[in-house]
$ cat structure12.cif   # mmCIF, C-alpha atoms
data_work
loop_
_atom_site.group_PDB
_atom_site.id
_atom_site.type_symbol
_atom_site.label_atom_id
_atom_site.label_comp_id
_atom_site.auth_asym_id
_atom_site.auth_seq_id
_atom_site.Cartn_x
_atom_site.Cartn_y
_atom_site.Cartn_z
ATOM 1 C CA MET A 1 79.927 84.188 85.166
ATOM 2 C CA ALA A 2 81.155 86.628 82.533
ATOM 3 C CA ALA A 3 84.887 87.232 82.255
ATOM 4 C CA SER A 4 86.233 90.337 83.937
ATOM 5 C CA ILE A 5 87.120 93.304 81.748
ATOM 6 C CA THR A 6 90.869 93.731 81.339
ATOM 7 C CA ALA A 7 93.120 96.689 80.586
ATOM 8 C CA PRO A 8 94.016 95.315 77.122
ATOM 9 C CA ALA A 9 90.305 94.951 76.359
ATOM 10 C CA VAL A 10 89.735 98.575 77.361
ATOM 11 C CA ARG A 11 92.689 99.689 75.244
ATOM 12 C CA ALA A 12 90.973 98.218 72.188
ATOM 13 C CA ARG A 13 87.750 100.174 72.782
ATOM 14 C CA LYS A 14 88.212 103.208 70.531
ATOM 15 C CA VAL A 15 84.796 104.536 69.498
ATOM 16 C CA ARG A 16 86.081 105.307 66.026
ATOM 17 C CA THR A 17 86.712 101.564 65.546
ATOM 18 C CA GLY A 18 83.032 100.870 66.089
ATOM 19 C CA SER A 19 83.062 100.152 69.823
ATOM 20 C CA ASP A 20 80.403 101.475 72.167
ATOM 21 C CA PRO A 21 81.555 104.333 74.421
ATOM 22 C CA LEU A 22 83.167 103.224 77.649
ATOM 23 C CA VAL A 23 81.314 103.851 80.904
ATOM 24 C CA MET A 24 83.323 104.546 84.034
ATOM 25 C CA VAL A 25 82.114 105.552 87.481
ATOM 26 C CA THR A 26 83.872 106.022 90.793
ATOM 27 C CA ALA A 27 83.132 103.848 93.804
ATOM 28 C CA TYR A 28 84.786 103.668 97.197
ATOM 29 C CA ASP A 29 83.395 100.605 98.966
ATOM 30 C CA ALA A 30 81.830 97.198 98.388
ATOM 31 C CA PRO A 31 78.182 98.364 98.112
ATOM 32 C CA GLY A 32 79.095 101.133 95.663
ATOM 33 C CA ALA A 33 81.216 98.811 93.521
ATOM 34 C CA ARG A 34 78.501 96.149 93.578
ATOM 35 C CA MET A 35 75.826 98.602 92.431
ATOM 36 C CA ALA A 36 78.046 100.056 89.709
ATOM 37 C CA ASP A 37 78.921 96.591 88.465
ATOM 38 C CA GLU A 38 75.319 95.402 88.464
ATOM 39 C CA ALA A 39 74.446 98.524 86.458
ATOM 40 C CA GLY A 40 76.828 97.300 83.770
ATOM 41 C CA VAL A 41 79.646 99.856 83.829
ATOM 42 C CA ASP A 42 82.925 98.957 82.137
ATOM 43 C CA LEU A 43 85.353 100.519 84.611
ATOM 44 C CA ILE A 44 85.227 101.356 88.309
ATOM 45 C CA LEU A 45 87.678 103.946 89.575
ATOM 46 C CA VAL A 46 88.459 104.076 93.263
ATOM 47 C CA GLY A 47 89.339 107.733 92.866
ATOM 48 C CA ASP A 48 91.217 110.095 95.117
ATOM 49 C CA SER A 49 87.946 112.081 95.021
ATOM 50 C CA LEU A 50 87.412 109.821 98.028
ATOM 51 C CA ALA A 51 89.061 112.643 99.970
ATOM 52 C CA MET A 52 86.245 115.079 99.202
ATOM 53 C CA VAL A 53 83.069 113.011 98.838
ATOM 54 C CA VAL A 54 83.728 110.402 101.539
ATOM 55 C CA LEU A 55 86.363 111.706 103.955
ATOM 56 C CA GLY A 56 85.188 115.323 104.036
ATOM 57 C CA TYR A 57 88.316 117.179 102.900
ATOM 58 C CA ASP A 58 88.193 120.293 100.722
ATOM 59 C CA ASP A 59 90.498 118.843 98.055
ATOM 60 C CA THR A 60 92.163 115.582 97.076
ATOM 61 C CA LEU A 61 95.577 116.386 98.524
ATOM 62 C CA GLN A 62 94.904 115.015 102.006
ATOM 63 C CA VAL A 63 94.216 111.409 101.039
ATOM 64 C CA THR A 64 97.094 108.931 101.495
ATOM 65 C CA ILE A 65 98.139 105.732 99.766
ATOM 66 C CA ASP A 66 96.960 103.806 102.833
ATOM 67 C CA ASP A 67 93.539 105.472 102.569
ATOM 68 C CA MET A 68 93.390 104.496 98.904
ATOM 69 C CA ALA A 69 94.469 100.903 99.539
ATOM 70 C CA HIS A 70 91.837 100.558 102.258
ATOM 71 C CA HIS A 71 89.051 101.635 99.907
ATOM 72 C CA VAL A 72 90.384 99.704 96.915
ATOM 73 C CA ALA A 73 90.258 96.584 99.061
ATOM 74 C CA ALA A 74 86.669 97.328 100.066
ATOM 75 C CA ALA A 75 85.588 97.813 96.441
ATOM 76 C CA ALA A 76 87.481 94.701 95.347
ATOM 77 C CA ARG A 77 85.538 92.550 97.811
ATOM 78 C CA ALA A 78 82.478 93.104 95.609
ATOM 79 C CA LYS A 79 84.343 91.092 92.941
ATOM 80 C CA PRO A 80 83.207 93.326 90.068
ATOM 81 C CA GLN A 81 83.420 92.226 86.447
ATOM 82 C CA ALA A 82 84.276 95.842 85.589
ATOM 83 C CA LEU A 83 87.945 96.779 85.498
ATOM 84 C CA LEU A 84 88.844 98.062 88.968
ATOM 85 C CA ILE A 85 91.348 100.931 88.909
ATOM 86 C CA GLY A 86 93.087 102.410 91.940
ATOM 87 C CA ASP A 87 93.986 106.105 91.924
ATOM 88 C CA LEU A 88 97.512 106.959 93.026
ATOM 89 C CA PRO A 89 97.188 109.966 95.367
ATOM 90 C CA TRP A 90 99.339 113.058 95.548
ATOM 91 C CA LEU A 91 102.969 112.453 96.518
ATOM 92 C CA SER A 92 102.691 108.692 95.997
ATOM 93 C CA TYR A 93 104.509 108.826 92.615
ATOM 94 C CA HIS A 94 106.487 112.061 92.834
ATOM 95 C CA VAL A 95 109.519 111.142 94.964
ATOM 96 C CA SER A 96 111.289 108.183 93.342
ATOM 97 C CA ASP A 97 110.618 105.334 90.933
ATOM 98 C CA GLU A 98 111.135 102.833 93.734
ATOM 99 C CA GLU A 99 108.510 104.478 95.923
ATOM 100 C CA THR A 100 106.183 104.888 92.939
ATOM 101 C CA VAL A 101 106.276 101.162 92.136
ATOM 102 C CA HIS A 102 105.884 100.252 95.802
ATOM 103 C CA ASN A 103 102.752 102.413 96.066
ATOM 104 C CA ALA A 104 101.288 101.127 92.797
ATOM 105 C CA ALA A 105 101.876 97.568 94.014
ATOM 106 C CA LYS A 106 100.059 98.389 97.248
ATOM 107 C CA LEU A 107 96.899 99.180 95.263
ATOM 108 C CA ILE A 108 97.275 96.061 93.131
ATOM 109 C CA ARG A 109 97.707 93.891 96.214
ATOM 110 C CA ALA A 110 94.586 95.528 97.650
ATOM 111 C CA GLY A 111 92.624 94.298 94.619
ATOM 112 C CA ALA A 112 92.983 96.824 91.788
ATOM 113 C CA ALA A 113 93.773 95.556 88.284
ATOM 114 C CA ALA A 114 95.322 98.866 87.164
ATOM 115 C CA VAL A 115 96.323 102.254 88.550
ATOM 116 C CA LYS A 116 95.737 105.836 87.451
ATOM 117 C CA LEU A 117 97.993 108.835 87.908
ATOM 118 C CA GLU A 118 97.820 112.494 86.931
ATOM 119 C CA GLY A 119 100.096 114.544 84.713
ATOM 120 C CA GLY A 120 101.660 114.631 81.285
ATOM 121 C CA ARG A 121 105.221 114.314 80.054
ATOM 122 C CA LYS A 122 106.767 115.054 83.440
ATOM 123 C CA ARG A 123 105.267 111.770 84.708
ATOM 124 C CA LEU A 124 106.623 109.513 81.953
ATOM 125 C CA GLY A 125 109.389 108.161 84.194
ATOM 126 C CA ALA A 126 106.879 107.133 86.851
ATOM 127 C CA ILE A 127 104.633 105.519 84.235
ATOM 128 C CA GLU A 128 107.521 103.580 82.718
ATOM 129 C CA ALA A 129 108.558 102.306 86.156
ATOM 130 C CA ILE A 130 105.030 101.092 86.923
ATOM 131 C CA LEU A 131 104.642 99.484 83.511
ATOM 132 C CA ASP A 132 108.007 97.756 84.001
ATOM 133 C CA ALA A 133 106.462 96.156 87.090
ATOM 134 C CA GLU A 134 103.701 94.743 84.798
ATOM 135 C CA ILE A 135 101.012 97.060 86.193
ATOM 136 C CA PRO A 136 98.631 98.712 83.670
ATOM 137 C CA VAL A 137 98.472 102.502 83.893
ATOM 138 C CA MET A 138 95.655 104.927 83.038
ATOM 139 C CA GLY A 139 96.783 108.499 82.354
ATOM 140 C CA HIS A 140 95.033 111.755 83.279
ATOM 141 C CA VAL A 141 95.523 115.177 81.664
ATOM 142 C CA GLY A 142 93.677 118.481 81.483
ATOM 143 C CA LEU A 143 92.579 119.568 84.936
ATOM 144 C CA THR A 144 94.618 117.526 87.379
ATOM 145 C CA PRO A 145 93.109 118.134 90.830
ATOM 146 C CA GLN A 146 96.326 117.170 92.600
ATOM 147 C CA SER A 147 97.857 120.278 90.973
ATOM 148 C CA ILE A 148 95.205 122.795 92.031
ATOM 149 C CA HIS A 149 97.702 125.014 93.858
ATOM 150 C CA ALA A 150 99.963 125.110 90.815
ATOM 151 C CA VAL A 151 97.178 125.833 88.310
ATOM 152 C CA GLY A 152 95.207 128.182 90.577
ATOM 153 C CA GLY A 153 92.156 126.124 91.430
ATOM 154 C CA PHE A 154 89.552 123.949 89.749
ATOM 155 C CA LYS A 155 89.587 125.641 86.341
ATOM 156 C CA VAL A 156 88.974 124.552 82.765
ATOM 157 C CA GLN A 157 92.303 123.808 81.077
ATOM 158 C CA GLY A 158 93.385 124.191 77.446
ATOM 159 C CA LYS A 159 91.308 127.233 76.498
ATOM 160 C CA GLN A 160 94.275 128.960 74.847
ATOM 161 C CA LEU A 161 96.104 127.563 71.829
ATOM 162 C CA ASP A 162 99.435 126.877 73.536
ATOM 163 C CA ALA A 163 97.723 125.213 76.499
ATOM 164 C CA ALA A 164 95.608 123.088 74.147
ATOM 165 C CA ARG A 165 98.694 121.965 72.249
ATOM 166 C CA THR A 166 100.371 121.035 75.528
ATOM 167 C CA ILE A 167 97.436 118.820 76.497
ATOM 168 C CA VAL A 168 97.483 117.089 73.110
ATOM 169 C CA ASP A 169 101.259 116.583 73.263
ATOM 170 C CA ASP A 170 101.011 115.245 76.816
ATOM 171 C CA ALA A 171 98.269 112.789 75.837
ATOM 172 C CA VAL A 172 100.234 111.552 72.842
ATOM 173 C CA ALA A 173 103.276 111.025 75.054
ATOM 174 C CA LEU A 174 101.213 109.083 77.605
ATOM 175 C CA ALA A 175 99.821 106.814 74.903
ATOM 176 C CA GLU A 176 103.230 106.252 73.334
ATOM 177 C CA THR A 177 104.684 105.381 76.748
ATOM 178 C CA GLY A 178 102.052 102.694 77.245
ATOM 179 C CA CYS A 179 98.988 104.056 79.080
ATOM 180 C CA PHE A 180 95.986 101.908 78.138
ATOM 181 C CA ALA A 181 93.532 104.839 78.439
ATOM 182 C CA ILE A 182 93.595 108.538 79.291
ATOM 183 C CA VAL A 183 91.183 110.607 81.376
ATOM 184 C CA LEU A 184 90.530 114.114 80.011
ATOM 185 C CA GLU A 185 89.181 116.411 82.707
ATOM 186 C CA CYS A 186 87.664 119.864 82.235
ATOM 187 C CA VAL A 187 88.897 120.719 78.770
ATOM 188 C CA PRO A 188 86.958 122.299 75.874
ATOM 189 C CA ASP A 189 85.253 119.786 73.599
ATOM 190 C CA ALA A 190 87.404 120.799 70.620
ATOM 191 C CA VAL A 191 90.548 119.980 72.588
ATOM 192 C CA ALA A 192 89.096 116.664 73.743
ATOM 193 C CA ARG A 193 88.210 115.802 70.157
ATOM 194 C CA MET A 194 91.746 116.625 69.003
ATOM 195 C CA VAL A 195 93.223 114.422 71.724
ATOM 196 C CA THR A 196 90.808 111.583 70.967
ATOM 197 C CA GLU A 197 91.728 111.677 67.301
ATOM 198 C CA SER A 198 95.461 111.899 68.070
ATOM 199 C CA VAL A 199 95.895 108.891 70.357
ATOM 200 C CA PRO A 200 95.319 105.182 69.646
ATOM 201 C CA VAL A 201 93.985 104.497 73.146
ATOM 202 C CA PRO A 202 90.556 105.418 74.565
ATOM 203 C CA THR A 203 89.959 108.836 76.079
ATOM 204 C CA ILE A 204 87.522 109.036 78.966
ATOM 205 C CA GLY A 205 86.039 112.450 79.559
ATOM 206 C CA ILE A 206 84.803 114.255 82.616
ATOM 207 C CA GLY A 207 83.783 117.754 81.663
ATOM 208 C CA ALA A 208 85.328 117.185 78.226
ATOM 209 C CA GLY A 209 82.295 116.919 75.957
ATOM 210 C CA ARG A 210 80.883 114.194 73.724
ATOM 211 C CA HIS A 211 83.879 113.448 71.533
ATOM 212 C CA CYS A 212 85.723 111.163 73.958
ATOM 213 C CA ASP A 213 85.728 107.361 73.774
ATOM 214 C CA GLY A 214 84.008 107.162 77.151
ATOM 215 C CA GLN A 215 82.725 109.139 80.127
ATOM 216 C CA VAL A 216 83.251 109.092 83.880
ATOM 217 C CA LEU A 217 81.329 110.679 86.713
ATOM 218 C CA VAL A 218 81.762 110.620 90.465
ATOM 219 C CA TYR A 219 79.325 108.217 92.140
ATOM 220 C CA HIS A 220 78.166 110.777 94.691
ATOM 221 C CA ASP A 221 77.566 113.418 92.016
ATOM 222 C CA LEU A 222 75.478 111.339 89.616
ATOM 223 C CA LEU A 223 73.368 109.914 92.463
ATOM 224 C CA GLY A 224 72.817 113.271 94.146
ATOM 225 C CA LEU A 225 74.515 112.188 97.360
ATOM 226 C CA GLU A 226 76.763 115.236 97.071
ATOM 227 C CA ASP A 227 74.750 118.439 96.636
ATOM 228 C CA ARG A 228 77.035 121.131 98.071
ATOM 229 C CA MET A 229 78.271 121.917 94.576
ATOM 230 C CA LYS A 230 77.301 120.935 91.055
ATOM 231 C CA PRO A 231 79.952 121.318 88.364
ATOM 232 C CA LYS A 232 78.681 122.230 84.903
ATOM 233 C CA PHE A 233 79.493 118.754 83.580
ATOM 234 C CA VAL A 234 77.525 116.807 86.206
ATOM 235 C CA ARG A 235 74.136 115.319 85.409
ATOM 236 C CA ARG A 236 72.254 114.039 88.447
ATOM 237 C CA TYR A 237 70.317 110.818 87.861
ATOM 238 C CA ALA A 238 68.878 110.613 91.380
ATOM 239 C CA SER A 239 68.429 112.695 94.539
ATOM 240 C CA LEU A 240 69.623 110.210 97.114
ATOM 241 C CA LYS A 241 70.746 112.757 99.695
ATOM 242 C CA SER A 242 67.293 114.357 99.963
ATOM 243 C CA ASP A 243 65.573 110.961 99.807
ATOM 244 C CA SER A 244 67.878 109.555 102.487
ATOM 245 C CA THR A 245 67.479 112.599 104.737
ATOM 246 C CA ALA A 246 63.695 112.303 104.481
ATOM 247 C CA ALA A 247 63.846 108.572 105.278
ATOM 248 C CA VAL A 248 65.984 109.122 108.392
ATOM 249 C CA ALA A 249 63.631 111.920 109.482
ATOM 250 C CA ARG A 250 60.622 109.572 109.193
ATOM 251 C CA TYR A 251 62.491 106.963 111.227
ATOM 252 C CA ALA A 252 63.243 109.539 113.938
ATOM 253 C CA GLU A 253 59.566 110.586 114.024
ATOM 254 C CA ASP A 254 58.413 106.983 114.385
ATOM 255 C CA VAL A 255 60.840 106.303 117.233
ATOM 256 C CA ARG A 256 59.775 109.432 119.114
ATOM 257 C CA ALA A 257 56.091 108.684 118.570
ATOM 258 C CA GLY A 258 56.429 105.059 119.722
ATOM 259 C CA ARG A 259 55.549 103.700 116.268
ATOM 260 C CA PHE A 260 58.881 101.915 115.860
ATOM 261 C CA PRO A 261 59.435 99.105 116.453
ATOM 262 C CA SER A 262 56.004 97.560 115.908
ATOM 263 C CA SER A 263 54.981 94.117 117.138
ATOM 264 C CA ASP A 264 55.828 92.680 113.715
ATOM 265 C CA GLU A 265 59.350 94.096 114.037
ATOM 266 C CA THR A 266 59.879 92.584 117.499
ATOM 267 C CA TYR A 267 60.989 89.088 118.618
ATOM 268 C CA HIS A 268 58.545 87.327 120.961
ATOM 269 C CA VAL A 269 58.695 84.308 123.259
ATOM 270 C CA ALA A 270 55.946 81.733 123.734
ATOM 271 C CA ASP A 271 53.122 82.663 126.115
ATOM 272 C CA ASP A 272 54.230 80.206 128.828
ATOM 273 C CA VAL A 273 57.753 81.581 128.712
ATOM 274 C CA ALA A 274 56.399 85.128 128.863
ATOM 275 C CA GLU A 275 54.284 84.170 131.889
ATOM 276 C CA ALA A 276 57.297 82.592 133.615
ATOM 277 C CA LEU A 277 59.417 85.609 132.881
ATOM 278 C CA GLY A 278 56.687 87.789 134.321
ATOM 279 C CA LEU A 279 56.545 85.744 137.531
ATOM 280 C CA PHE A 280 60.335 85.734 137.759
ATOM 281 C CA GLY A 281 60.393 89.480 137.473
ATOM 282 C CA ALA A 282 57.499 90.104 139.879
ATOM 283 C CA ALA A 283 58.313 91.866 143.145
ATOM 284 C CA PRO A 284 57.875 89.768 146.338
ATOM 285 C CA ALA A 285 54.613 90.251 148.281
#

$ encode --input "structure12.cif" --output "structure tokens"
Amino acid sequence: MAASITAPAVRARKVRTGSDPLVMVTAYDAPGARMADEAGVDLILVGDSLAMVVLGYDDTLQVTIDDMAHHVAAAARAKPQALLIGDLPWLSYHVSDEETVHNAAKLIRAGAAAVKLEGGRKRLGAIEAILDAEIPVMGHVGLTPQSIHAVGGFKVQGKQLDAARTIVDDAVALAETGCFAIVLECVPDAVARMVTESVPVPTIGIGAGRHCDGQVLVYHDLLGLEDRMKPKFVRRYASLKSDSTAAVARYAEDVRAGRFPSSDETYHVADDVAEALGLFGAAPA
């Protein structure tokens, strides 16, 4: 069995040093993590996108640390070789360092090998506290979905010069503090390139163009399980929702038409037992 990928190994994977781009995908349960791992991805993120694509909420703010721990544990049971990262949800690292470390530890005890949190320089204290507890941290700048009310919705970030400089400065600060990698979400490709060239750790883009050290997509988006919306940066590699809906419809038709189950899909007893059962069940004369 191949050795599991570690946070230090990911940290060393800068594309400009000759490494292949990193591949990250989200997963939220054992089957999803198993499929992602068998496909050969480098990192699996149990993301707080769980709130929207699995639990049915309109944003990520409703998911709790207990929800995240539950799904991290499910993904961890697949025993992936990929680095398994647990996403710290909103308000799990905003109150105090003590609570932040407690919540990060909850995801590690559930089976994650690292945690991710959103935000730039204002989150350095939380990152330092988690790192002091010997837990690897992945950063996340650009569009931070946990801040949608503050930034006014799901919008591209860093389009203006001052905003772009802020993203670069935040990323540099995250790297200097000790994050082993940084997610860049929904930023112009020029900004992503500047960040990638400015930090010694890998950048992993989602809606950030080709100049990052890796890419991440949401499992349900790339497989076409989620089709209510399609962000510009999503490429669908399958149409599993339509295929699954058609399969369930065929099943329903077969049940209603008496075609399912067939004799081959049914357990049978020996003829003498069937005859005895028939006599046992026969009404008295």

$ resolve_selection --input "structure12.cif" --expression "the PyMOL selection byres ((chain A and resi 108) around 12)" --output "ChimeraX atom specification"
/A:46,65,68-70,72-73,76,84-88,101-107,109-116,130,133-137

$ write_last_selection --input "structure12.cif" --atoms "C-alpha atoms" --output "mmCIF file, keeping the file's coordinate frame"
data_model
loop_
_atom_site.group_PDB
_atom_site.id
_atom_site.type_symbol
_atom_site.label_atom_id
_atom_site.label_comp_id
_atom_site.auth_asym_id
_atom_site.auth_seq_id
_atom_site.Cartn_x
_atom_site.Cartn_y
_atom_site.Cartn_z
ATOM 1 C CA VAL A 46 88.459 104.076 93.263
ATOM 2 C CA ILE A 65 98.139 105.732 99.766
ATOM 3 C CA MET A 68 93.390 104.496 98.904
ATOM 4 C CA ALA A 69 94.469 100.903 99.539
ATOM 5 C CA HIS A 70 91.837 100.558 102.258
ATOM 6 C CA VAL A 72 90.384 99.704 96.915
ATOM 7 C CA ALA A 73 90.258 96.584 99.061
ATOM 8 C CA ALA A 76 87.481 94.701 95.347
ATOM 9 C CA LEU A 84 88.844 98.062 88.968
ATOM 10 C CA ILE A 85 91.348 100.931 88.909
ATOM 11 C CA GLY A 86 93.087 102.410 91.940
ATOM 12 C CA ASP A 87 93.986 106.105 91.924
ATOM 13 C CA LEU A 88 97.512 106.959 93.026
ATOM 14 C CA VAL A 101 106.276 101.162 92.136
ATOM 15 C CA HIS A 102 105.884 100.252 95.802
ATOM 16 C CA ASN A 103 102.752 102.413 96.066
ATOM 17 C CA ALA A 104 101.288 101.127 92.797
ATOM 18 C CA ALA A 105 101.876 97.568 94.014
ATOM 19 C CA LYS A 106 100.059 98.389 97.248
ATOM 20 C CA LEU A 107 96.899 99.180 95.263
ATOM 21 C CA ARG A 109 97.707 93.891 96.214
ATOM 22 C CA ALA A 110 94.586 95.528 97.650
ATOM 23 C CA GLY A 111 92.624 94.298 94.619
ATOM 24 C CA ALA A 112 92.983 96.824 91.788
ATOM 25 C CA ALA A 113 93.773 95.556 88.284
ATOM 26 C CA ALA A 114 95.322 98.866 87.164
ATOM 27 C CA VAL A 115 96.323 102.254 88.550
ATOM 28 C CA LYS A 116 95.737 105.836 87.451
ATOM 29 C CA ILE A 130 105.030 101.092 86.923
ATOM 30 C CA ALA A 133 106.462 96.156 87.090
ATOM 31 C CA GLU A 134 103.701 94.743 84.798
ATOM 32 C CA ILE A 135 101.012 97.060 86.193
ATOM 33 C CA PRO A 136 98.631 98.712 83.670
ATOM 34 C CA VAL A 137 98.472 102.502 83.893
#

$ resolve_selection --input "structure12.cif" --expression "the PyMOL selection byres ((chain A and resi 196) around 10)" --output "number ranges by chain"
A: 14-16, 168, 171-172, 182, 184, 190-195, 197-205, 211-213

$ write_last_selection --input "structure12.cif" --atoms "C-alpha atoms" --output "PDB file, in the coordinates of the input"
ATOM      1  CA  LYS A  14      88.212 103.208  70.531  1.00  0.00           C
ATOM      2  CA  VAL A  15      84.796 104.536  69.498  1.00  0.00           C
ATOM      3  CA  ARG A  16      86.081 105.307  66.026  1.00  0.00           C
ATOM      4  CA  VAL A 168      97.483 117.089  73.110  1.00  0.00           C
ATOM      5  CA  ALA A 171      98.269 112.789  75.837  1.00  0.00           C
ATOM      6  CA  VAL A 172     100.234 111.552  72.842  1.00  0.00           C
ATOM      7  CA  ILE A 182      93.595 108.538  79.291  1.00  0.00           C
ATOM      8  CA  LEU A 184      90.530 114.114  80.011  1.00  0.00           C
ATOM      9  CA  ALA A 190      87.404 120.799  70.620  1.00  0.00           C
ATOM     10  CA  VAL A 191      90.548 119.980  72.588  1.00  0.00           C
ATOM     11  CA  ALA A 192      89.096 116.664  73.743  1.00  0.00           C
ATOM     12  CA  ARG A 193      88.210 115.802  70.157  1.00  0.00           C
ATOM     13  CA  MET A 194      91.746 116.625  69.003  1.00  0.00           C
ATOM     14  CA  VAL A 195      93.223 114.422  71.724  1.00  0.00           C
ATOM     15  CA  GLU A 197      91.728 111.677  67.301  1.00  0.00           C
ATOM     16  CA  SER A 198      95.461 111.899  68.070  1.00  0.00           C
ATOM     17  CA  VAL A 199      95.895 108.891  70.357  1.00  0.00           C
ATOM     18  CA  PRO A 200      95.319 105.182  69.646  1.00  0.00           C
ATOM     19  CA  VAL A 201      93.985 104.497  73.146  1.00  0.00           C
ATOM     20  CA  PRO A 202      90.556 105.418  74.565  1.00  0.00           C
ATOM     21  CA  THR A 203      89.959 108.836  76.079  1.00  0.00           C
ATOM     22  CA  ILE A 204      87.522 109.036  78.966  1.00  0.00           C
ATOM     23  CA  GLY A 205      86.039 112.450  79.559  1.00  0.00           C
ATOM     24  CA  HIS A 211      83.879 113.448  71.533  1.00  0.00           C
ATOM     25  CA  CYS A 212      85.723 111.163  73.958  1.00  0.00           C
ATOM     26  CA  ASP A 213      85.728 107.361  73.774  1.00  0.00           C
TER      27      ASP A 213
END

$ closest_residue --input "structure12.cif" --among "A:Asp29, A:Asp254, A:Glu38, A:Glu226" --to "Gly56 in chain A" --atoms "only C-alpha atoms"
A:Glu226

$ resolve_selection --input "structure12.cif" --expression "the PyMOL selection byres ((chain A and resi 24) around 8)" --output "list in words"
Leu22, Val23, Val25, Thr26, Val41, Asp42, Leu43, Ile44, Leu45, Ile204, Gly214, Gln215, Val216 and Leu217 of chain A

$ closest_residue --input "structure12.cif" --among "A:Gly258, A:Gly178, A:Gly119, A:Gly142" --to "Val156 in chain A" --atoms "all atoms listed in the file"
A:Gly142

$ residues_around --input "structure12.cif" --residues "Ala163 in chain A" --least-positions-apart "6" --cutoff "12 Å" --atoms "all atoms listed in the file" --output "PyMOL selection string"
chain A and resi 141-143+151+156-157+169-170+187-188+191

$ closest_residue --input "structure12.cif" --among "A:Ile206, A:Leu91, A:Val248, A:Ala33" --to "Ala74 in chain A" --atoms "all atoms listed in the file"
A:Ala33

$ build_atoms --input "structure12.cif" --residues "range 261-273 of chain A" --atoms "N, CA, C and O atoms" --output "short mmCIF file (atom, residue, chain, number, x, y, z; two decimals), keeping the file's coordinate frame"
data_model
loop_
_atom_site.label_atom_id
_atom_site.label_comp_id
_atom_site.auth_asym_id
_atom_site.auth_seq_id
_atom_site.Cartn_x
_atom_site.Cartn_y
_atom_site.Cartn_z
N PRO A 261 59.85 100.22 117.31
CA PRO A 261 59.44 99.10 116.45
C PRO A 261 58.00 98.68 116.74
O PRO A 261 57.50 98.85 117.86
N SER A 262 57.34 98.12 115.73
CA SER A 262 56.00 97.56 115.91
C SER A 262 56.12 96.13 116.42
O SER A 262 57.21 95.58 116.54
N SER A 263 54.97 95.51 116.69
CA SER A 263 54.98 94.12 117.14
C SER A 263 55.58 93.21 116.08
O SER A 263 56.30 92.26 116.38
N ASP A 264 55.30 93.51 114.80
CA ASP A 264 55.83 92.68 113.72
C ASP A 264 57.35 92.81 113.58
O ASP A 264 57.99 91.94 112.98
N GLU A 265 57.91 93.86 114.12
CA GLU A 265 59.35 94.10 114.04
C GLU A 265 60.06 93.73 115.34
O GLU A 265 61.19 94.15 115.59
N THR A 266 59.37 92.94 116.18
CA THR A 266 59.88 92.58 117.50
C THR A 266 59.90 91.08 117.65
O THR A 266 58.99 90.38 117.17
N TYR A 267 60.93 90.53 118.33
CA TYR A 267 60.99 89.09 118.62
C TYR A 267 60.16 88.79 119.87
O TYR A 267 60.22 89.55 120.85
N HIS A 268 59.42 87.69 119.84
CA HIS A 268 58.54 87.33 120.96
C HIS A 268 58.87 85.92 121.45
O HIS A 268 59.37 85.09 120.67
N VAL A 269 58.58 85.66 122.71
CA VAL A 269 58.70 84.31 123.26
C VAL A 269 57.30 83.71 123.37
O VAL A 269 56.28 84.42 123.25
N ALA A 270 57.24 82.41 123.56
CA ALA A 270 55.95 81.73 123.73
C ALA A 270 55.25 82.26 124.98
O ALA A 270 55.89 82.78 125.91
N ASP A 271 53.91 82.10 125.01
CA ASP A 271 53.12 82.66 126.12
C ASP A 271 53.55 82.12 127.47
O ASP A 271 53.61 82.86 128.46
N ASP A 272 53.85 80.77 127.53
CA ASP A 272 54.23 80.21 128.83
C ASP A 272 55.58 80.75 129.31
O ASP A 272 55.78 80.97 130.51
N VAL A 273 56.46 80.99 128.34
CA VAL A 273 57.75 81.58 128.71
C VAL A 273 57.56 83.02 129.17
O VAL A 273 58.15 83.48 130.15
#
